[in-house]
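To be precise, the following lines are my_file.cif, and they hold mmCIF, C-alpha atoms.
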```cif
data_final
#
loop_
_atom_site.label_atom_id
_atom_site.label_comp_id
_atom_site.auth_asym_id
_atom_site.auth_seq_id
_atom_site.Cartn_x
_atom_site.Cartn_y
_atom_site.Cartn_z
CA MET A 1 113.92 -61.52 32.62
CA LEU A 2 111.22 -62.64 30.20
CA SER A 3 110.91 -66.34 29.58
CA PRO A 4 111.81 -67.42 25.99
CA LEU A 5 108.27 -68.78 25.72
CA VAL A 6 106.93 -65.28 26.33
CA LEU A 7 109.49 -63.62 24.05
CA HIS A 8 108.37 -65.95 21.31
CA GLN A 9 104.80 -64.59 21.64
CA LEU A 10 105.79 -60.92 21.52
CA PRO A 11 104.96 -60.49 17.80
CA PHE A 12 101.40 -61.72 18.50
CA LEU A 13 101.07 -59.28 21.35
CA LEU A 14 102.31 -56.45 19.13
CA ILE A 15 99.69 -57.30 16.49
CA GLY A 16 97.09 -57.04 19.25
CA PHE A 17 98.63 -53.77 20.38
CA PHE A 18 98.22 -52.33 16.88
CA THR A 19 94.60 -53.47 16.84
CA THR A 20 94.14 -51.66 20.17
CA LEU A 21 95.64 -48.48 18.70
CA TYR A 22 93.59 -48.79 15.53
CA VAL A 23 90.30 -49.46 17.36
CA SER A 24 91.02 -46.59 19.77
CA ALA A 25 91.75 -44.17 16.93
CA VAL A 26 88.58 -45.14 15.04
CA CYS A 27 86.45 -44.89 18.19
CA LEU A 28 88.03 -41.57 19.15
CA VAL A 29 87.00 -40.10 15.78
CA LEU A 30 83.52 -41.69 15.78
CA GLY A 31 82.98 -40.87 19.46
CA SER A 32 83.96 -37.24 18.86
CA ILE A 33 81.53 -36.93 15.96
CA ILE A 34 78.73 -38.53 17.99
CA GLY A 35 79.62 -36.40 21.01
CA MET A 36 79.67 -33.18 19.00
CA LEU A 37 76.33 -33.92 17.32
CA THR A 38 74.78 -34.81 20.68
CA ALA A 39 76.17 -31.66 22.28
CA LEU A 40 74.64 -29.55 19.50
CA ALA A 41 71.38 -31.52 19.80
CA LEU A 42 71.26 -30.69 23.53
CA LEU A 43 71.65 -26.99 22.75
CA THR A 44 68.80 -26.78 20.23
CA ARG A 45 65.38 -25.38 21.05
CA VAL A 46 63.51 -28.41 19.69
CA PHE A 47 62.30 -30.41 22.68
CA VAL A 48 62.13 -33.80 20.90
CA VAL A 49 65.75 -33.53 19.71
CA ARG A 50 66.92 -32.58 23.21
CA ALA A 51 64.92 -35.42 24.77
CA ILE A 52 66.39 -38.04 22.41
CA ALA A 53 69.93 -36.78 22.97
CA GLY A 54 69.36 -36.73 26.75
CA PHE A 55 67.96 -40.26 26.71
CA TYR A 56 70.98 -41.53 24.75
CA ILE A 57 73.43 -39.93 27.18
CA ASP A 58 71.61 -41.17 30.28
CA VAL A 59 71.33 -44.75 29.01
CA PHE A 60 74.93 -45.03 27.85
CA ARG A 61 76.42 -43.35 30.90
CA SER A 62 74.32 -45.25 33.43
CA THR A 63 75.09 -48.80 32.28
CA PRO A 64 78.46 -50.59 32.25
CA LEU A 65 80.36 -50.66 28.93
CA LEU A 66 80.74 -54.42 29.40
CA ILE A 67 76.97 -54.94 29.34
CA GLN A 68 76.58 -52.62 26.34
CA LEU A 69 79.20 -54.50 24.34
CA VAL A 70 77.75 -57.90 25.18
CA TRP A 71 74.30 -56.57 24.31
CA PHE A 72 75.44 -55.24 20.92
CA TYR A 73 77.25 -58.47 20.14
CA TYR A 74 74.74 -61.09 21.34
CA ALA A 75 71.34 -59.42 21.63
CA LEU A 76 71.23 -56.87 18.78
CA PRO A 77 71.71 -59.43 15.95
CA LEU A 78 68.87 -61.57 17.34
CA LEU A 79 66.60 -58.54 17.62
CA THR A 80 67.28 -57.10 14.20
CA GLY A 81 68.46 -60.14 12.21
CA PHE A 82 71.49 -58.03 11.29
CA SER A 83 74.70 -59.73 12.35
CA MET A 84 77.98 -58.00 13.13
CA THR A 85 81.53 -59.24 13.59
CA SER A 86 82.95 -58.83 17.09
CA LEU A 87 85.12 -55.98 15.80
CA GLU A 88 82.11 -54.13 14.36
CA ALA A 89 80.05 -54.65 17.52
CA GLY A 90 83.03 -53.57 19.62
CA VAL A 91 83.69 -50.40 17.64
CA LEU A 92 79.99 -49.51 17.60
CA GLY A 93 79.61 -50.08 21.35
CA LEU A 94 82.79 -48.26 22.36
CA ALA A 95 82.11 -45.30 20.05
CA LEU A 96 78.57 -44.85 21.40
CA TYR A 97 79.79 -45.19 25.00
CA GLU A 98 82.62 -42.66 24.61
CA GLY A 99 80.35 -40.38 22.56
CA ALA A 100 78.07 -40.02 25.59
CA TYR A 101 81.05 -38.76 27.62
CA MET A 102 82.53 -36.65 24.81
CA CYS A 103 79.18 -34.88 24.56
CA GLU A 104 79.52 -33.54 28.08
CA ILE A 105 83.03 -32.25 27.34
CA PHE A 106 81.90 -30.48 24.17
CA ARG A 107 78.76 -29.15 25.79
CA SER A 108 80.53 -27.60 28.77
CA GLY A 109 83.19 -26.23 26.41
CA ILE A 110 80.55 -24.53 24.28
CA MET A 111 78.62 -23.31 27.34
CA SER A 112 81.78 -21.78 28.78
CA VAL A 113 81.82 -19.20 25.97
CA SER A 114 80.02 -16.14 27.27
CA THR A 115 76.64 -15.46 25.62
CA GLY A 116 77.73 -11.86 25.04
CA HIS A 117 80.15 -13.13 22.36
CA ILE A 118 77.32 -14.99 20.63
CA ASP A 119 75.02 -11.95 20.76
CA ALA A 120 77.85 -9.75 19.44
CA GLY A 121 78.43 -12.11 16.51
CA ARG A 122 74.72 -12.27 15.72
CA SER A 123 74.32 -8.50 15.89
CA LEU A 124 77.24 -8.13 13.44
CA GLY A 125 75.09 -10.07 10.97
CA MET A 126 76.81 -13.45 11.28
CA THR A 127 74.67 -16.55 10.73
CA PRO A 128 74.30 -18.98 13.67
CA TRP A 129 76.71 -21.37 11.91
CA GLN A 130 79.26 -18.60 11.43
CA VAL A 131 78.95 -17.72 15.10
CA LEU A 132 79.48 -21.38 16.00
CA TYR A 133 82.50 -21.83 13.73
CA GLN A 134 84.20 -18.46 14.09
CA VAL A 135 83.30 -17.31 17.59
CA VAL A 136 82.27 -20.20 19.84
CA LEU A 137 84.31 -23.22 18.71
CA PRO A 138 87.77 -21.56 18.56
CA GLN A 139 87.34 -20.44 22.18
CA ALA A 140 85.66 -23.62 23.31
CA ALA A 141 88.33 -25.84 21.68
CA VAL A 142 91.01 -24.53 24.01
CA ARG A 143 88.92 -25.39 27.07
CA MET A 144 87.85 -28.77 25.67
CA LEU A 145 91.38 -29.94 24.95
CA PRO A 146 92.48 -30.95 28.48
CA PRO A 147 89.38 -33.08 29.30
CA PHE A 148 89.39 -34.41 25.72
CA THR A 149 92.93 -35.72 26.17
CA GLY A 150 91.88 -37.33 29.44
CA GLN A 151 88.94 -38.97 27.69
CA ALA A 152 91.26 -40.29 24.96
CA LEU A 153 93.29 -42.00 27.69
CA THR A 154 90.11 -43.48 29.17
CA LEU A 155 89.11 -44.68 25.70
CA VAL A 156 92.39 -46.55 25.13
CA LYS A 157 91.97 -48.23 28.53
CA ASP A 158 88.29 -49.01 27.91
CA SER A 159 89.16 -50.67 24.60
CA SER A 160 90.59 -53.56 26.67
CA ILE A 161 86.98 -54.49 27.55
CA LEU A 162 86.47 -55.41 23.89
CA SER A 163 88.43 -58.57 24.70
CA ILE A 164 85.28 -59.87 26.44
CA ILE A 165 83.51 -60.14 23.07
CA ALA A 166 86.65 -61.60 21.40
CA VAL A 167 87.87 -58.54 19.50
CA PRO A 168 91.51 -59.53 18.79
CA GLU A 169 93.02 -56.53 20.57
CA LEU A 170 95.93 -56.54 23.00
CA LEU A 171 94.28 -58.13 26.04
CA TRP A 172 92.48 -60.77 23.95
CA LYS A 173 95.74 -61.69 22.20
CA ALA A 174 97.40 -61.91 25.62
CA GLU A 175 94.74 -64.23 26.98
CA SER A 176 95.06 -66.43 23.92
CA VAL A 177 98.84 -66.77 24.24
CA ILE A 178 98.87 -67.31 28.03
CA PRO A 179 98.13 -71.07 27.76
CA ILE A 180 101.00 -71.47 25.25
CA SER A 181 103.53 -69.29 27.02
CA LEU A 182 102.76 -70.68 30.52
CA HIS A 183 103.69 -67.37 32.19
CA SER A 184 100.49 -65.42 32.65
CA VAL A 185 102.04 -62.82 34.94
CA GLN A 186 104.88 -62.06 32.50
CA VAL A 187 102.50 -61.81 29.55
CA LEU A 188 100.13 -59.53 31.47
CA THR A 189 103.05 -57.38 32.65
CA VAL A 190 104.09 -56.88 29.02
CA VAL A 191 100.47 -55.98 28.22
CA ALA A 192 100.33 -53.47 31.08
CA ALA A 193 103.65 -51.97 29.91
CA LEU A 194 102.28 -51.52 26.37
CA TYR A 195 99.17 -49.77 27.70
CA PHE A 196 101.41 -47.60 29.88
CA LEU A 197 103.41 -46.70 26.77
CA VAL A 198 100.32 -45.06 25.23
CA GLY A 199 98.60 -44.04 28.43
CA PHE A 200 101.44 -42.24 30.19
CA PRO A 201 102.18 -39.68 27.42
CA LEU A 202 98.44 -39.00 27.20
CA ALA A 203 98.25 -38.50 30.97
CA LEU A 204 101.27 -36.16 30.87
CA LEU A 205 99.76 -34.19 27.99
CA SER A 206 96.44 -33.94 29.81
CA ASN A 207 98.20 -32.66 32.96
CA ARG A 208 100.20 -30.09 30.97
CA LEU A 209 97.10 -28.82 29.20
CA HIS A 210 95.19 -28.64 32.50
CA ALA A 211 98.01 -26.64 34.06
CA ARG A 212 98.11 -24.25 31.12
CA TRP A 213 94.38 -23.71 30.67
CA SER A 214 93.08 -24.54 34.08
CA PHE A 215 90.58 -21.70 34.14
CA ASP A 216 86.95 -22.68 34.11
CA ARG A 217 84.96 -19.52 33.62
CA ARG A 218 81.77 -21.02 34.97
CA GLU A 219 83.04 -21.75 38.44
CA MET B 1 62.43 -57.60 13.36
CA GLY B 2 59.43 -59.48 14.63
CA TYR B 3 61.39 -60.83 17.57
CA GLN B 4 59.30 -62.81 20.08
CA TRP B 5 60.13 -61.63 23.57
CA HIS B 6 59.94 -64.19 26.38
CA PHE B 7 60.48 -62.47 29.69
CA GLY B 8 59.41 -65.62 31.56
CA VAL B 9 63.04 -66.78 31.40
CA VAL B 10 64.17 -63.69 33.25
CA TRP B 11 61.35 -63.95 35.80
CA ASP B 12 62.26 -67.59 36.58
CA ASN B 13 65.91 -66.68 37.11
CA LEU B 14 65.38 -63.39 38.93
CA PRO B 15 66.54 -64.71 42.34
CA PHE B 16 69.76 -65.94 40.69
CA LEU B 17 70.37 -62.51 39.14
CA LEU B 18 69.51 -60.59 42.30
CA ALA B 19 71.96 -62.73 44.27
CA GLY B 20 74.58 -61.36 41.86
CA LEU B 21 73.44 -57.85 42.63
CA GLU B 22 74.43 -58.47 46.25
CA ASP B 23 77.99 -59.10 45.10
CA THR B 24 77.93 -56.02 42.89
CA VAL B 25 76.91 -53.86 45.84
CA ALA B 26 79.37 -55.60 48.18
CA LEU B 27 82.24 -55.05 45.72
CA THR B 28 81.34 -51.36 45.44
CA VAL B 29 80.94 -50.69 49.15
CA VAL B 30 83.93 -52.69 50.40
CA SER B 31 86.40 -51.49 47.78
CA MET B 32 85.24 -47.88 48.20
CA GLY B 33 85.82 -48.21 51.96
CA PHE B 34 89.33 -49.57 51.49
CA GLY B 35 90.01 -47.23 48.55
CA LEU B 36 89.14 -44.14 50.59
CA THR B 37 91.44 -45.23 53.40
CA LEU B 38 94.29 -46.04 51.01
CA GLY B 39 93.80 -42.86 48.97
CA LEU B 40 93.78 -40.61 52.05
CA ALA B 41 96.81 -42.37 53.54
CA ILE B 42 98.76 -41.99 50.30
CA ALA B 43 97.79 -38.34 49.86
CA LEU B 44 98.89 -37.53 53.43
CA ILE B 45 102.14 -39.51 53.13
CA ARG B 46 102.93 -37.72 49.88
CA LEU B 47 102.33 -34.29 51.45
CA LYS B 48 104.17 -35.10 54.68
CA PHE B 49 107.17 -37.03 53.35
CA PRO B 50 108.36 -35.54 50.03
CA ARG B 51 111.13 -38.15 49.87
CA VAL B 52 108.75 -41.03 49.06
CA ARG B 53 107.15 -38.99 46.28
CA PRO B 54 108.82 -40.91 43.38
CA ALA B 55 107.49 -44.26 44.66
CA ILE B 56 103.99 -42.82 45.02
CA VAL B 57 104.08 -41.23 41.57
CA ILE B 58 105.04 -44.57 40.02
CA TYR B 59 102.16 -46.33 41.84
CA VAL B 60 99.60 -43.65 40.95
CA GLU B 61 100.59 -43.33 37.30
CA THR B 62 100.82 -47.09 36.77
CA PHE B 63 97.31 -47.64 38.06
CA ARG B 64 95.87 -44.63 36.27
CA THR B 65 97.36 -45.33 32.85
CA THR B 66 96.68 -49.06 32.53
CA PRO B 67 93.21 -50.61 32.11
CA LEU B 68 91.37 -51.76 35.23
CA LEU B 69 90.56 -55.03 33.46
CA VAL B 70 94.29 -55.76 32.99
CA GLN B 71 94.91 -54.90 36.66
CA LEU B 72 92.13 -57.25 37.78
CA ILE B 73 93.47 -60.18 35.77
CA TRP B 74 97.10 -59.38 36.62
CA ILE B 75 96.44 -59.33 40.36
CA TYR B 76 94.28 -62.45 40.13
CA ASP B 77 97.18 -64.27 38.42
CA VAL B 78 100.05 -62.81 40.45
CA LEU B 79 98.65 -63.63 43.91
CA PRO B 80 99.04 -67.42 43.61
CA ALA B 81 102.49 -66.87 42.06
CA ILE B 82 103.64 -65.17 45.28
CA GLY B 83 101.98 -67.80 47.43
CA LEU B 84 98.81 -65.96 48.43
CA ARG B 85 95.45 -67.67 48.10
CA PHE B 86 92.57 -65.23 47.57
CA ASP B 87 89.19 -66.19 46.21
CA PRO B 88 88.04 -64.21 43.12
CA PHE B 89 85.91 -61.84 45.24
CA TRP B 90 88.77 -60.70 47.48
CA SER B 91 91.16 -60.62 44.57
CA ALA B 92 88.74 -58.23 42.83
CA ILE B 93 88.48 -56.16 46.02
CA LEU B 94 92.27 -55.87 46.12
CA ALA B 95 92.48 -54.78 42.47
CA LEU B 96 89.61 -52.28 42.78
CA THR B 97 91.10 -50.89 46.00
CA LEU B 98 94.54 -50.37 44.47
CA ASN B 99 92.96 -48.76 41.39
CA LEU B 100 90.72 -46.48 43.47
CA GLY B 101 93.55 -45.62 45.86
CA ALA B 102 95.55 -44.19 42.95
CA TYR B 103 92.69 -41.98 41.74
CA LEU B 104 91.45 -40.99 45.20
CA SER B 105 94.91 -40.03 46.47
CA GLU B 106 95.12 -37.50 43.62
CA ILE B 107 91.63 -36.19 44.42
CA PHE B 108 92.52 -35.77 48.11
CA ARG B 109 95.86 -34.17 47.30
CA ALA B 110 94.31 -31.73 44.84
CA GLY B 111 91.63 -30.84 47.42
CA ILE B 112 94.11 -30.24 50.21
CA THR B 113 96.67 -28.31 48.12
CA SER B 114 93.93 -26.12 46.63
CA ILE B 115 93.73 -24.28 49.96
CA PRO B 116 96.37 -21.50 49.82
CA MET B 117 99.29 -21.85 52.26
CA GLY B 118 98.64 -18.27 53.38
CA GLN B 119 95.57 -19.48 55.25
CA THR B 120 97.61 -22.09 57.11
CA HIS B 121 100.23 -19.47 57.99
CA ALA B 122 97.52 -17.09 59.13
CA GLY B 123 96.05 -19.77 61.39
CA LEU B 124 99.45 -20.60 62.87
CA ALA B 125 100.21 -16.90 63.37
CA LEU B 126 96.98 -16.60 65.34
CA GLY B 127 98.32 -19.25 67.70
CA MET B 128 96.34 -22.24 66.42
CA SER B 129 97.97 -25.67 66.55
CA THR B 130 98.69 -27.59 63.32
CA ALA B 131 95.81 -29.94 64.15
CA GLN B 132 93.47 -27.00 64.70
CA VAL B 133 94.52 -25.44 61.39
CA ALA B 134 93.81 -28.74 59.63
CA ARG B 135 90.45 -29.25 61.39
CA VAL B 136 89.09 -25.73 61.37
CA ILE B 137 90.60 -24.13 58.26
CA VAL B 138 91.89 -26.58 55.66
CA LEU B 139 89.59 -29.61 55.87
CA PRO B 140 86.18 -27.87 55.81
CA GLN B 141 87.21 -26.07 52.61
CA ALA B 142 88.99 -29.06 51.06
CA VAL B 143 86.01 -31.36 51.60
CA ARG B 144 83.80 -29.21 49.36
CA ARG B 145 86.29 -29.62 46.53
CA ILE B 146 86.78 -33.34 47.20
CA ILE B 147 83.12 -34.40 47.31
CA PRO B 148 82.12 -33.82 43.63
CA PRO B 149 84.93 -35.92 42.07
CA LEU B 150 84.50 -38.48 44.86
CA ALA B 151 80.81 -38.89 44.07
CA SER B 152 81.48 -39.46 40.39
CA MET B 153 84.18 -42.01 41.30
CA TRP B 154 81.48 -43.86 43.23
CA VAL B 155 79.17 -44.03 40.19
CA GLY B 156 82.09 -45.13 38.00
CA LEU B 157 83.02 -47.81 40.50
CA PHE B 158 79.49 -49.19 40.62
CA LYS B 159 79.65 -49.76 36.85
CA ASP B 160 83.28 -50.93 36.88
CA THR B 161 82.49 -53.79 39.27
CA SER B 162 81.04 -55.52 36.18
CA LEU B 163 84.66 -56.12 35.09
CA ALA B 164 85.12 -58.48 38.05
CA SER B 165 83.10 -60.96 35.96
CA ALA B 166 86.30 -61.50 33.95
CA ILE B 167 87.88 -63.24 36.96
CA ALA B 168 84.70 -65.21 37.71
CA VAL B 169 83.30 -63.16 40.58
CA ALA B 170 79.62 -64.16 40.53
CA GLU B 171 78.27 -60.59 40.42
CA LEU B 172 75.43 -59.34 38.24
CA SER B 173 77.23 -59.25 34.87
CA TYR B 174 78.79 -62.65 35.37
CA ARG B 175 75.42 -64.21 36.18
CA ALA B 176 73.88 -62.43 33.20
CA ASN B 177 76.43 -63.99 30.87
CA VAL B 178 75.99 -67.43 32.42
CA LEU B 179 72.21 -67.23 32.06
CA ALA B 180 72.39 -65.83 28.51
CA VAL B 181 74.39 -68.88 27.44
CA GLN B 182 72.37 -71.43 29.45
CA THR B 183 68.91 -70.27 28.44
CA TYR B 184 69.61 -69.24 24.82
CA ARG B 185 67.72 -66.04 25.64
CA PRO B 186 70.49 -63.37 25.61
CA VAL B 187 68.16 -60.61 24.38
CA GLU B 188 65.78 -60.71 27.34
CA ILE B 189 68.45 -61.39 29.96
CA LEU B 190 70.94 -58.77 28.79
CA THR B 191 68.21 -56.18 28.30
CA VAL B 192 66.83 -56.73 31.79
CA VAL B 193 70.31 -56.66 33.33
CA ALA B 194 71.10 -53.42 31.47
CA ALA B 195 67.81 -52.06 32.84
CA ILE B 196 68.75 -53.15 36.39
CA TYR B 197 72.09 -51.33 36.09
CA PHE B 198 70.33 -48.28 34.69
CA VAL B 199 67.68 -48.16 37.40
CA LEU B 200 70.38 -48.35 40.07
CA THR B 201 73.02 -46.11 38.45
CA TYR B 202 70.85 -43.31 37.11
CA PRO B 203 69.55 -42.07 40.49
CA GLN B 204 73.10 -42.23 41.84
CA ALA B 205 74.29 -40.15 38.88
CA ARG B 206 71.52 -37.58 39.45
CA LEU B 207 72.32 -37.50 43.17
CA THR B 208 76.00 -36.97 42.33
CA TYR B 209 75.08 -34.04 40.11
CA TRP B 210 72.85 -32.56 42.80
CA ILE B 211 75.49 -32.92 45.52
CA SER B 212 78.15 -31.40 43.25
CA ASN B 213 76.01 -28.35 42.66
CA LEU B 214 75.19 -28.10 46.34
CA VAL B 215 78.80 -27.98 47.51
CA ARG B 216 80.31 -26.26 44.45
CA VAL B 217 82.86 -23.66 45.41
CA ARG B 218 82.22 -20.33 43.71
CA GLU B 219 85.27 -18.17 43.18
#
```

Can I see the file as structure tokens?
Amino acid sequence: MLSPLVLHQLPFLLIGFFTTLYVSAVCLVLGSIIGMLTALALLTRVFVVRAIAGFYIDVFRSTPLLIQLVWFYYALPLLTGFSMTSLEAGVLGLALYEGAYMCEIFRSGIMSVSTGHIDAGRSLGMTPWQVLYQVVLPQAAVRMLPPFTGQALTLVKDSSILSIIAVPELLWKAESVIPISLHSVQVLTVVAALYFLVGFPLALLSNRLHARWSFDRRE
Amino acid sequence: MGYQWHFGVVWDNLPFLLAGLEDTVALTVVSMGFGLTLGLAIALIRLKFPRVRPAIVIYVETFRTTPLLVQLIWIYDVLPAIGLRFDPFWSAILALTLNLGAYLSEIFRAGITSIPMGQTHAGLALGMSTAQVARVIVLPQAVRRIIPPLASMWVGLFKDTSLASAIAVAELSYRANVLAVQTYRPVEILTVVAAIYFVLTYPQARLTYWISNLVRVRE
């Protein structure tokens, strides 16, 4: 099936695949932290904090990831005199982009908890942080999980765009071995299969979770 | 810090950039047109002929769990291998259409199956024809559930067309990269292009939000 020339390049593709997994994992963690902080910022009473968080979300959700990555890699160093490797620029760009989407997931999860629960916690003498940790988040987490899994799948797929700024992840590795292996379609099919290998279980998990907790109290 | 901005470069090349915007819009409109047709056809075939379900599931899951960028490059490379000659623009249209078709078919299917069968049976029991049931009972309700996800697909698609730059479609992002390299002014060019995307995407995103609230089904 696969040409020997392509088989010979498989180890290189697998190295790229591990970079993809590694970058995705790092960005998932960073993006979640950014998303959570932004979600909390949007729920504060301080107008300036809300405005900054809103501006961040609007900018990052209304421009293509491709342009953001290229901007971070080529324009930001010239502006600030602070240079980054392609991997650093890629991780920064992807984490900020996914964070803007994660924020919406966290925010609607938190908002789905009825305000009566929050008032009850407060009237029992809990601090706002206690209410957040012990009342709101445990309930919100269950409702956040299905869209969060879906977003993780999107993140793994989006990480392929890092190839445009030469981050040595799966697609970049593939493009660099295509001239040697002479079989671009075979190489790209292997690449697609590797993405499917991560993506399909995530899609299945997301579907399962949706089916189990498909109630959205706000609708 | 202390970067000297020179927007003259962008001003001089504005016609070149705006010509790319035409391609961005054309890619969005044409592939959405084809994608809607394909998605609806697939959803109806899947509901009408359960026997072809496995084939449709494989198509849908393959296109939903692999990156669009990989699909674009794969299709661009596979077409000549099977003796078809497409220019980059139509190759991108094909890839975007197949990608959209997979997502949209699921949106249509979910919308149609969300209407309880009892209503169909009730309509038939009242002596309505199948076509009447579809036109008068199922579709008006299904459309309200289909429009919100459809609108956000549109916004996503508008941004995703930037990926067509990877197969040398001369749309906005591609021209931005060309200019950034030619003029040695990536900061100004990429910032302005990001701003162009923002100015065009943000109102669409707000409109999407507004429409979604307008047609939201309350249960």

note = The distance between atom CA of Leu27 of chain B and atom CA of Trp172 of chain A is 24.7 Å

request  = Return as a count of residues only the residues belonging to chain A that are within 9 Å of chain B, counting only C-alpha atoms.
outcome  = 48

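Excluding segment 43-46 of chain A itself and same-chain residues fewer than 4 positions from it, the residues having an atom within 10 Å of it are A:Leu37, A:Thr38, A:Ala39, A:Arg50, A:Ala51, A:Ala53, A:Arg107, A:Ile110, A:Met111, counting all atoms listed in the file.
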
Written file, previous selection with C-alpha atoms, as a short mmCIF file (atom, residue, chain, number, x, y, z; two decimals), in the frame of the given file:
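Resulting contents of out-v1.cif:
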```cif
data_model
loop_
_atom_site.label_atom_id
_atom_site.label_comp_id
_atom_site.auth_asym_id
_atom_site.auth_seq_id
_atom_site.Cartn_x
_atom_site.Cartn_y
_atom_site.Cartn_z
CA LEU A 37 76.33 -33.92 17.32
CA THR A 38 74.78 -34.81 20.68
CA ALA A 39 76.17 -31.66 22.28
CA ARG A 50 66.92 -32.58 23.21
CA ALA A 51 64.92 -35.42 24.77
CA ALA A 53 69.93 -36.78 22.97
CA ARG A 107 78.76 -29.15 25.79
CA ILE A 110 80.55 -24.53 24.28
CA MET A 111 78.62 -23.31 27.34
#
```

inquiry  = List as a list in words the protein and nucleic acid residues near Gln119 of chain B, meaning an atom at most 9 Å away when all atoms listed in the file are counted, but skip any in the same chain fewer than 3 places from it.
reply    = Ile115, Pro116, Ala122, Gly123, Leu124, Val133, Ile137 and Val138 of chain B

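Here atom CA of Leu104 of chain B stands at a distance of 16.5 Å from atom CA of Ser212 of chain B.
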
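Between atom CA of Ala89 of chain A and atom CA of Val192 of chain B the separation is 19.6 Å.
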
inquiry  = Given the point (80.4, -48.2, 19.5) in the coordinates of this file, which residues lie within 10 Å, counting all atoms listed in the file, and how would they look as a list in words?
reply    = Val26, Cys27, Leu30, Gly31, Ile34, Leu65, Gln68, Leu69, Phe72, Leu87, Glu88, Ala89, Gly90, Val91, Leu92, Gly93, Leu94, Ala95, Leu96, Tyr97, Glu98 and Gly99 of chain A

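Here the question is which of A:Ala25, A:Met102, A:Val167, A:Leu7 gets nearest to Phe148 of chain A using only C-alpha atoms, and that residue is A:Met102.
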
Since fewer atoms than expected are present, regenerate N, CA and C atoms for segment 72-87 of chain B and write them as a JSON list (two decimals), in the frame of the given file.
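File produced: out23.json:
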```json
[["chain", "number", "residue", "atom", "x", "y", "z"],
["B", 72, "LEU", "N", 92.90, -56.19, 37.13],
["B", 72, "LEU", "CA", 92.13, -57.25, 37.78],
["B", 72, "LEU", "C", 92.72, -58.63, 37.47],
["B", 73, "ILE", "N", 92.97, -58.87, 36.18],
["B", 73, "ILE", "CA", 93.47, -60.18, 35.77],
["B", 73, "ILE", "C", 94.91, -60.38, 36.26],
["B", 74, "TRP", "N", 95.70, -59.30, 36.19],
["B", 74, "TRP", "CA", 97.10, -59.38, 36.62],
["B", 74, "TRP", "C", 97.18, -59.76, 38.10],
["B", 75, "ILE", "N", 96.40, -59.06, 38.92],
["B", 75, "ILE", "CA", 96.44, -59.33, 40.36],
["B", 75, "ILE", "C", 95.90, -60.73, 40.66],
["B", 76, "TYR", "N", 94.85, -61.11, 39.94],
["B", 76, "TYR", "CA", 94.28, -62.45, 40.13],
["B", 76, "TYR", "C", 95.32, -63.53, 39.82],
["B", 77, "ASP", "N", 96.17, -63.29, 38.81],
["B", 77, "ASP", "CA", 97.18, -64.27, 38.42],
["B", 77, "ASP", "C", 98.45, -64.18, 39.25],
["B", 78, "VAL", "N", 98.77, -62.97, 39.75],
["B", 78, "VAL", "CA", 100.05, -62.81, 40.45],
["B", 78, "VAL", "C", 99.96, -63.31, 41.89],
["B", 79, "LEU", "N", 98.77, -63.23, 42.51],
["B", 79, "LEU", "CA", 98.65, -63.63, 43.91],
["B", 79, "LEU", "C", 99.08, -65.07, 44.17],
["B", 80, "PRO", "N", 98.58, -66.05, 43.38],
["B", 80, "PRO", "CA", 99.04, -67.42, 43.61],
["B", 80, "PRO", "C", 100.54, -67.57, 43.36],
["B", 81, "ALA", "N", 101.08, -66.77, 42.39],
["B", 81, "ALA", "CA", 102.49, -66.87, 42.06],
["B", 81, "ALA", "C", 103.37, -66.44, 43.24],
["B", 82, "ILE", "N", 102.86, -65.56, 44.11],
["B", 82, "ILE", "CA", 103.64, -65.17, 45.28],
["B", 82, "ILE", "C", 103.13, -65.87, 46.53],
["B", 83, "GLY", "N", 102.38, -66.94, 46.32],
["B", 83, "GLY", "CA", 101.98, -67.80, 47.43],
["B", 83, "GLY", "C", 100.79, -67.34, 48.25],
["B", 84, "LEU", "N", 100.00, -66.40, 47.69],
["B", 84, "LEU", "CA", 98.81, -65.96, 48.43],
["B", 84, "LEU", "C", 97.57, -66.60, 47.80],
["B", 85, "ARG", "N", 96.68, -67.09, 48.63],
["B", 85, "ARG", "CA", 95.45, -67.67, 48.10],
["B", 85, "ARG", "C", 94.26, -66.78, 48.43],
["B", 86, "PHE", "N", 93.75, -66.08, 47.42],
["B", 86, "PHE", "CA", 92.57, -65.23, 47.57],
["B", 86, "PHE", "C", 91.48, -65.83, 46.70],
["B", 87, "ASP", "N", 90.23, -65.77, 47.15],
["B", 87, "ASP", "CA", 89.19, -66.19, 46.21],
["B", 87, "ASP", "C", 88.93, -65.01, 45.25]]
```
